[in-house]
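J.: One file is attached below, query07.pdb, containing PDB, C-alpha atoms.
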```
ATOM      1  CA  ILE W   1       0.000   0.000   0.000
ATOM      2  CA  ALA W   2       1.467   3.346  -1.013
ATOM      3  CA  TRP W   3       2.042   5.770   1.881
ATOM      4  CA  ALA W   4       1.675   3.012   4.482
ATOM      5  CA  ASP W   5       3.210   3.793   7.863
ATOM      6  CA  VAL W   6       5.317   0.626   8.020
ATOM      7  CA  GLU W   7       6.772   1.415  11.443
ATOM      8  CA  SER W   8       3.367   1.197  13.132
ATOM      9  CA  LYS W   9       2.401  -2.069  11.399
ATOM     10  CA  LEU W  10       2.843  -5.119  13.574
ATOM     11  CA  ASP W  11       4.519  -8.295  12.371
ATOM     12  CA  VAL W  12       3.706 -11.855  13.456
ATOM     13  CA  MET W  13       6.994 -12.376  15.328
ATOM     14  CA  THR W  14       6.510  -9.201  17.399
ATOM     15  CA  VAL W  15       3.075 -10.425  18.475
ATOM     16  CA  LEU W  16       4.224 -14.005  19.162
ATOM     17  CA  SER W  17       7.179 -12.712  21.212
ATOM     18  CA  GLN W  18       4.534 -11.886  23.870
ATOM     19  CA  CYS W  19       3.728 -15.587  24.400
ATOM     20  CA  GLY W  20       4.236 -16.966  27.876
ATOM     21  CA  GLU W  21       4.078 -20.513  29.205
ATOM     22  CA  SER W  22       0.473 -20.556  30.466
ATOM     23  CA  PRO W  23      -2.118 -22.479  28.451
ATOM     24  CA  MET W  24      -5.243 -20.796  27.148
ATOM     25  CA  LEU W  25      -7.986 -20.877  29.787
ATOM     26  CA  GLU W  26     -11.478 -22.310  29.373
ATOM     27  CA  ASN W  27     -12.889 -20.230  32.257
ATOM     28  CA  SER W  28     -11.779 -17.768  34.917
ATOM     29  CA  GLU W  29     -12.770 -17.147  38.520
ATOM     30  CA  LYS W  30     -11.176 -13.687  38.283
ATOM     31  CA  PRO W  31     -13.061 -10.942  36.379
ATOM     32  CA  CYS W  32     -12.265 -10.432  32.702
ATOM     33  CA  ILE W  33     -13.032  -8.068  29.839
ATOM     34  CA  LEU W  34     -14.237  -9.140  26.418
ATOM     35  CA  GLY W  35     -13.950  -7.694  22.900
ATOM     36  CA  ILE W  36     -16.097  -9.065  20.062
ATOM     37  CA  ASP W  37     -15.970  -8.477  16.316
ATOM     38  CA  THR W  38     -19.219  -9.368  14.552
ATOM     39  CA  GLY W  39     -19.763 -10.723  11.067
ATOM     40  CA  LYS W  40     -20.604 -14.161   9.666
ATOM     41  CA  LEU W  41     -18.781 -15.477  12.719
ATOM     42  CA  LEU W  42     -18.237 -13.818  16.095
ATOM     43  CA  HIS W  43     -14.568 -13.427  17.040
ATOM     44  CA  ALA W  44     -13.975 -12.954  20.764
ATOM     45  CA  VAL W  45     -10.866 -11.961  22.730
ATOM     46  CA  VAL W  46     -10.934 -12.352  26.525
ATOM     47  CA  LEU W  47      -8.433 -10.335  28.589
ATOM     48  CA  ARG W  48      -7.658 -10.311  32.305
ATOM     49  CA  GLU W  49      -5.682  -7.703  34.248
ATOM     50  CA  ASP W  50      -2.225  -8.647  35.456
ATOM     51  CA  PRO W  51      -2.374  -8.978  39.259
ATOM     52  CA  GLU W  52       0.911  -7.075  39.713
ATOM     53  CA  ASP W  53       0.739  -4.427  36.973
ATOM     54  CA  TRP W  54      -2.672  -2.947  36.094
ATOM     55  CA  ASN W  55      -1.230  -1.567  32.816
ATOM     56  CA  LYS W  56      -0.697  -5.129  31.566
ATOM     57  CA  HIS W  57      -3.343  -7.594  30.410
ATOM     58  CA  HIS W  58      -3.214 -11.325  29.812
ATOM     59  CA  LEU W  59      -5.018 -12.682  26.792
ATOM     60  CA  VAL W  60      -6.650 -15.728  28.410
ATOM     61  CA  HIS W  61      -9.039 -16.978  25.724
ATOM     62  CA  LEU W  62      -9.777 -16.684  22.008
ATOM     63  CA  ALA W  63     -13.064 -17.925  20.566
ATOM     64  CA  ILE W  64     -14.815 -18.056  17.225
ATOM     65  CA  CYS W  65     -18.554 -18.384  17.857
ATOM     66  CA  ARG W  66     -21.408 -19.043  15.451
ATOM     67  CA  ASP W  67     -24.211 -17.812  17.684
ATOM     68  CA  PHE W  68     -24.825 -15.072  20.233
ATOM     69  CA  SER W  69     -25.830 -17.712  22.809
ATOM     70  CA  GLU W  70     -22.173 -18.841  22.794
ATOM     71  CA  LEU W  71     -21.224 -15.276  23.756
ATOM     72  CA  ASP W  72     -23.615 -15.496  26.711
ATOM     73  CA  GLY W  73     -21.634 -18.560  27.790
ATOM     74  CA  LEU W  74     -18.342 -16.643  27.549
ATOM     75  CA  MET W  75     -19.805 -13.820  29.670
ATOM     76  CA  GLU W  76     -20.587 -16.350  32.395
ATOM     77  CA  LYS W  77     -17.501 -18.605  32.184
ATOM     78  CA  PHE W  78     -15.092 -15.669  32.312
ATOM     79  CA  HIS W  79     -16.977 -13.457  34.793
ATOM     80  CA  VAL W  80     -16.939 -10.645  32.226
ATOM     81  CA  GLU W  81     -17.253  -7.242  33.870
ATOM     82  CA  LYS W  82     -17.135  -5.203  30.665
ATOM     83  CA  CYS W  83     -17.576  -6.140  27.023
ATOM     84  CA  VAL W  84     -17.305  -4.030  23.872
ATOM     85  CA  ILE W  85     -18.880  -5.473  20.738
ATOM     86  CA  ASP W  86     -18.965  -4.205  17.171
ATOM     87  CA  ALA W  87     -22.414  -2.619  16.710
ATOM     88  CA  LEU W  88     -22.513  -3.376  12.975
ATOM     89  CA  PRO W  89     -23.633  -5.239  10.916
ATOM     90  CA  GLU W  90     -25.621  -7.433  13.352
ATOM     91  CA  THR W  91     -27.521  -4.539  14.981
ATOM     92  CA  HIS W  92     -30.603  -6.488  16.127
ATOM     93  CA  SER W  93     -28.719  -9.428  17.643
ATOM     94  CA  THR W  94     -26.036  -7.143  19.091
ATOM     95  CA  ARG W  95     -28.619  -4.913  20.785
ATOM     96  CA  ALA W  96     -30.431  -7.947  22.248
ATOM     97  CA  PHE W  97     -27.082  -9.243  23.596
ATOM     98  CA  ALA W  98     -26.300  -5.822  25.118
ATOM     99  CA  GLU W  99     -29.737  -5.678  26.731
ATOM    100  CA  ARG W 100     -29.333  -9.183  28.222
ATOM    101  CA  HIS W 101     -26.105  -7.982  29.852
ATOM    102  CA  ALA W 102     -27.089  -4.361  30.567
ATOM    103  CA  GLY W 103     -24.344  -2.349  32.231
ATOM    104  CA  LYS W 104     -21.667  -4.800  31.051
ATOM    105  CA  VAL W 105     -21.997  -4.886  27.245
ATOM    106  CA  PHE W 106     -21.467  -1.779  25.116
ATOM    107  CA  MET W 107     -21.950  -1.587  21.343
ATOM    108  CA  CYS W 108     -19.118   0.225  19.568
ATOM    109  CA  ILE W 109     -19.670   2.811  16.878
ATOM    110  CA  PHE W 110     -16.542   4.322  15.363
ATOM    111  CA  ASN W 111     -16.632   8.093  14.857
ATOM    112  CA  ASP W 112     -13.708   9.437  12.819
ATOM    113  CA  ASN W 113     -14.478  13.015  13.887
ATOM    114  CA  GLN W 114     -14.154  12.235  17.588
ATOM    115  CA  SER W 115     -10.853  12.577  19.386
ATOM    116  CA  GLY W 116      -9.843  11.735  22.909
ATOM    117  CA  PRO W 117     -11.217   9.027  25.166
ATOM    118  CA  PRO W 118     -14.242   6.883  24.248
ATOM    119  CA  THR W 119     -17.704   8.211  25.133
ATOM    120  CA  TRP W 120     -19.779   5.701  27.119
ATOM    121  CA  ASP W 121     -23.603   5.784  27.250
ATOM    122  CA  ALA W 122     -25.215   3.309  29.665
ATOM    123  CA  GLN W 123     -28.759   4.137  28.480
ATOM    124  CA  THR W 124     -28.147   3.190  24.855
ATOM    125  CA  HIS W 125     -25.530   0.512  25.714
ATOM    126  CA  GLY W 126     -23.205   2.404  23.372
ATOM    127  CA  VAL W 127     -19.608   3.496  23.218
ATOM    128  CA  ARG W 128     -18.221   5.840  20.566
ATOM    129  CA  MET W 129     -14.545   6.169  19.753
ATOM    130  CA  ASN W 130     -12.168   7.237  17.028
ATOM    131  CA  ARG W 131     -11.183   4.142  15.019
ATOM    132  CA  THR W 132      -7.645   5.304  14.258
ATOM    133  CA  GLU W 133      -6.948   6.217  17.896
ATOM    134  CA  ALA W 134      -8.357   2.875  19.078
ATOM    135  CA  LEU W 135      -6.222   0.874  16.640
ATOM    136  CA  ASP W 136      -3.157   3.005  17.505
ATOM    137  CA  ALA W 137      -3.695   2.165  21.195
ATOM    138  CA  SER W 138      -4.105  -1.569  20.595
ATOM    139  CA  ARG W 139      -0.901  -1.688  18.508
ATOM    140  CA  ALA W 140       0.981   0.340  21.127
ATOM    141  CA  ALA W 141      -0.083  -2.143  23.829
ATOM    142  CA  VAL W 142       1.633  -4.939  21.887
ATOM    143  CA  ARG W 143       4.766  -2.915  21.067
ATOM    144  CA  LYS W 144       5.104  -1.773  24.714
ATOM    145  CA  LYS W 145       4.743  -5.408  25.887
ATOM    146  CA  LEU W 146       1.559  -4.652  27.837
ATOM    147  CA  LEU W 147      -0.141  -7.749  26.391
ATOM    148  CA  ILE W 148       0.834 -11.225  27.579
ATOM    149  CA  LEU W 149      -0.308 -14.091  25.372
ATOM    150  CA  PRO W 150      -0.791 -17.706  26.385
ATOM    151  CA  ARG W 151       1.690 -20.228  25.051
ATOM    152  CA  GLN W 152       1.736 -20.523  21.296
ATOM    153  CA  ASP W 153      -0.842 -22.789  19.653
ATOM    154  CA  PRO W 154      -2.712 -22.627  16.309
ATOM    155  CA  ARG W 155      -5.349 -20.188  17.637
ATOM    156  CA  VAL W 156      -2.698 -17.843  19.121
ATOM    157  CA  LYS W 157      -0.830 -17.952  15.798
ATOM    158  CA  GLU W 158      -4.083 -17.053  13.993
ATOM    159  CA  PHE W 159      -4.518 -14.126  16.405
ATOM    160  CA  ALA W 160      -0.945 -12.955  15.684
ATOM    161  CA  GLU W 161      -1.479 -13.168  11.922
ATOM    162  CA  GLN W 162      -4.730 -11.185  12.089
ATOM    163  CA  MET W 163      -3.047  -8.498  14.235
ATOM    164  CA  THR W 164      -0.842  -7.705  11.210
ATOM    165  CA  GLN W 165      -3.730  -7.107   8.801
ATOM    166  CA  ASP W 166      -4.394  -3.442   9.567
ATOM    167  CA  ALA W 167      -2.067  -0.926   7.893
ATOM    168  CA  ARG W 168      -1.906   2.720   8.927
ATOM    169  CA  VAL W 169      -2.112   4.822   5.760
ATOM    170  CA  LEU W 170      -1.937   8.539   5.088
ATOM    171  CA  VAL W 171      -5.031   9.829   3.292
ATOM    172  CA  GLU W 172      -5.678  13.270   1.888
ATOM    173  CA  ASP W 173      -9.072  14.995   1.719
ATOM    174  CA  LYS W 174      -9.471  15.879  -1.986
ATOM    175  CA  VAL W 175     -11.461  19.015  -1.165
ATOM    176  CA  THR W 176      -9.514  20.513   1.768
ATOM    177  CA  GLY W 177      -6.115  18.917   1.200
ATOM    178  CA  GLU W 178      -6.051  17.924   4.886
ATOM    179  CA  GLN W 179      -3.941  14.817   5.534
ATOM    180  CA  ARG W 180      -4.512  12.311   8.285
ATOM    181  CA  TYR W 181      -3.800   8.689   9.093
ATOM    182  CA  LYS W 182      -6.401   5.958   9.062
ATOM    183  CA  TYR W 183      -6.219   2.180   9.058
ATOM    184  CA  ALA W 184      -6.860   0.096   5.981
ATOM    185  CA  LYS W 185      -7.770  -3.573   6.197
ATOM    186  CA  ILE W 186      -5.253  -5.577   4.169
ATOM    187  CA  GLY W 187      -6.451  -9.058   5.112
ATOM    188  CA  VAL W 188      -8.567 -10.981   7.625
ATOM    189  CA  ASN W 189      -8.505  -8.879  10.807
ATOM    190  CA  HIS W 190     -11.369 -10.117  13.030
ATOM    191  CA  PHE W 191      -9.207 -10.892  16.081
ATOM    192  CA  SER W 192      -7.374  -7.583  15.580
ATOM    193  CA  LEU W 193     -10.646  -5.675  15.882
ATOM    194  CA  ALA W 194     -11.910  -7.835  18.764
ATOM    195  CA  PHE W 195      -8.676  -7.093  20.651
ATOM    196  CA  THR W 196      -9.038  -3.380  19.886
ATOM    197  CA  TYR W 197     -12.595  -3.373  21.287
TER
END
```
Turn this file's structure into structure tokens for me.
T.:
Amino acid sequence: IAWADVESKLDVMTVLSQCGESPMLENSEKPCILGIDTGKLLHAVVLREDPEDWNKHHLVHLAICRDFSELDGLMEKFHVEKCVIDALPETHSTRAFAERHAGKVFMCIFNDNQSGPPTWDAQTHGVRMNRTEALDASRAAVRKKLLILPRQDPRVKEFAEQMTQDARVLVEDKVTGEQRYKYAKIGVNHFSLAFTY
């Protein structure tokens, strides 16, 4: 991609260098957070805070679900305190899921004109954030070694590969000439987005 910001693009080895020795968990007694990308399948990333450093998170589970009822199971098995899910394209099912878990599940809408921290709305079960800033933050977490992965297995490798499929590109507004960065999808990136949420 012309004008791609190659320095901010992750590579598979950088992501896999975060692997530890712990196996992926099937449940957790300690509270977790959950990010979900929606589409034909539902890609879920479960994180848990590091007990010694609240800046760090452990990726404890990766799931590919076919049905929203499987997400209900993840909410329970991992004692999910907060979940951010892609609001589109499954708006009806996503809203029903958010309503079943009111106060815990927030539907994400990206707003390219917003800057700064996400805006949370408990009444509408919504969260709005700038897509570029959110993806910048998720990439920075990996580069700064704030994410600890379970030991390497095929699913972790798939996660690492999908984390490399968003490229930061410089785009210019044809009318105003204003230039700014945004992310372009260059391959399958479901786990990348789920992690970002």
J.: Report the residues retrieved by the PyMOL selection byres ((chain W and resi 106) around 9) from the displayed file, expressed as a list of chain:residue names.
T.: W:Lys82, W:Cys83, W:Val84, W:Ile85, W:Asp86, W:Ala87, W:Arg95, W:Ala98, W:Ala102, W:Gly103, W:Lys104, W:Val105, W:Met107, W:Cys108, W:Trp120, W:Asp121, W:Ala122, W:Thr124, W:His125, W:Gly126, W:Val127
J.: Residues near Glu26 of chain W, anyone? I mean within 9 Å using all atoms listed in the file, not counting same-chain ones fewer than 2 positions away, as a short mmCIF file (atom, residue, chain, number, x, y, z; two decimals) with C-alpha atoms, in the frame of the given file.
T.:
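Okay, this is what ended up in result13.cif:
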```
data_model
loop_
_atom_site.label_atom_id
_atom_site.label_comp_id
_atom_site.auth_asym_id
_atom_site.auth_seq_id
_atom_site.Cartn_x
_atom_site.Cartn_y
_atom_site.Cartn_z
CA MET W 24 -5.24 -20.80 27.15
CA SER W 28 -11.78 -17.77 34.92
CA VAL W 60 -6.65 -15.73 28.41
CA HIS W 61 -9.04 -16.98 25.72
CA LYS W 77 -17.50 -18.60 32.18
CA PHE W 78 -15.09 -15.67 32.31
#
```
J.: Which residue, W:Glu99, W:Tyr197, W:Lys174, W:Asp53, has the smallest gap to Gln123 of chain W when you use only C-alpha atoms?
T.: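 Distance minimum relative to Gln123 of chain W lands on W:Glu99.
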J.: Can you pull out every residue within 12 Å of Glu158 of chain W, counting only C-alpha atoms, but drop anything in the same chain fewer than 6 positions away, and send it as number ranges by chain?
T.: W: 12, 15-16, 43, 62-64, 152, 164-165, 188-192
J.: Evaluate the PyMOL selection byres ((chain W and resi 68) around 9) here and jot the selected residues down as a ChimeraX atom specification.
T.: /W:42,65-67,69-73,93-94,97
J.: The PyMOL selection byres ((chain W and resi 148) around 6) - which residues does that actually catch in the file I just gave you? List them as a list of chain:residue names.
T.: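 On this input, the PyMOL selection byres ((chain W and resi 148) around 6) captures W:Gln18, W:His58, W:Leu147, W:Leu149.
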J.: For atom CA of His101 of chain W and atom CA of Phe195 of chain W, determine how far apart the two atoms are, in Å to one decimal place.
T.: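 Computing it gives 19.7 Å between the two atoms.
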J.: Quick one: of W:Cys19, W:Ala137, W:Ile109, W:Leu10, who's nearest to Lys157 of chain W, counting all atoms listed in the file?
T.: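 Closest residue, counting all atoms listed in the file: W:Cys19.
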J.: From the set W:Leu74, W:Ala44, W:Val169, W:Met13, which residue has the shortest atom-to-atom contact distance to Arg143 of chain W, counting all atoms listed in the file?
T.: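 Looking only at the distances to Arg143 of chain W, the closest residue turns out to be W:Met13.
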J.: My list of candidates is W:Cys32, W:Leu193, W:Ala96, W:Leu59. Which is closest to Arg155 of chain W when distances are computed with all atoms listed in the file?
T.: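 Once distances to Arg155 of chain W are computed over all atoms listed in the file, the minimum belongs to W:Leu59.
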J.: Do you have the atom CA of Glu133 of chain W-atom CA of Ile33 of chain W distance handy?
T.: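 Atom-to-atom, atom CA of Glu133 of chain W and atom CA of Ile33 of chain W are spaced 19.6 Å apart.
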J.: For atom CA of Gly116 of chain W and atom CA of Glu52 of chain W, determine how far apart the two atoms are, in Å to one decimal place.
T.: 27.4 Å
J.: Assuming 8 Å of padding per side, give the centre and edge lengths of the axis-aligned box around every listed atom of segment 68-81 of chain W, in Å to one decimal and as lines of an AutoDock Vina configuration file.
T.:
```
center_x = -20.5
center_y = -13.0
center_z = 27.5
size_x = 26.7
size_y = 27.6
size_z = 30.6
```
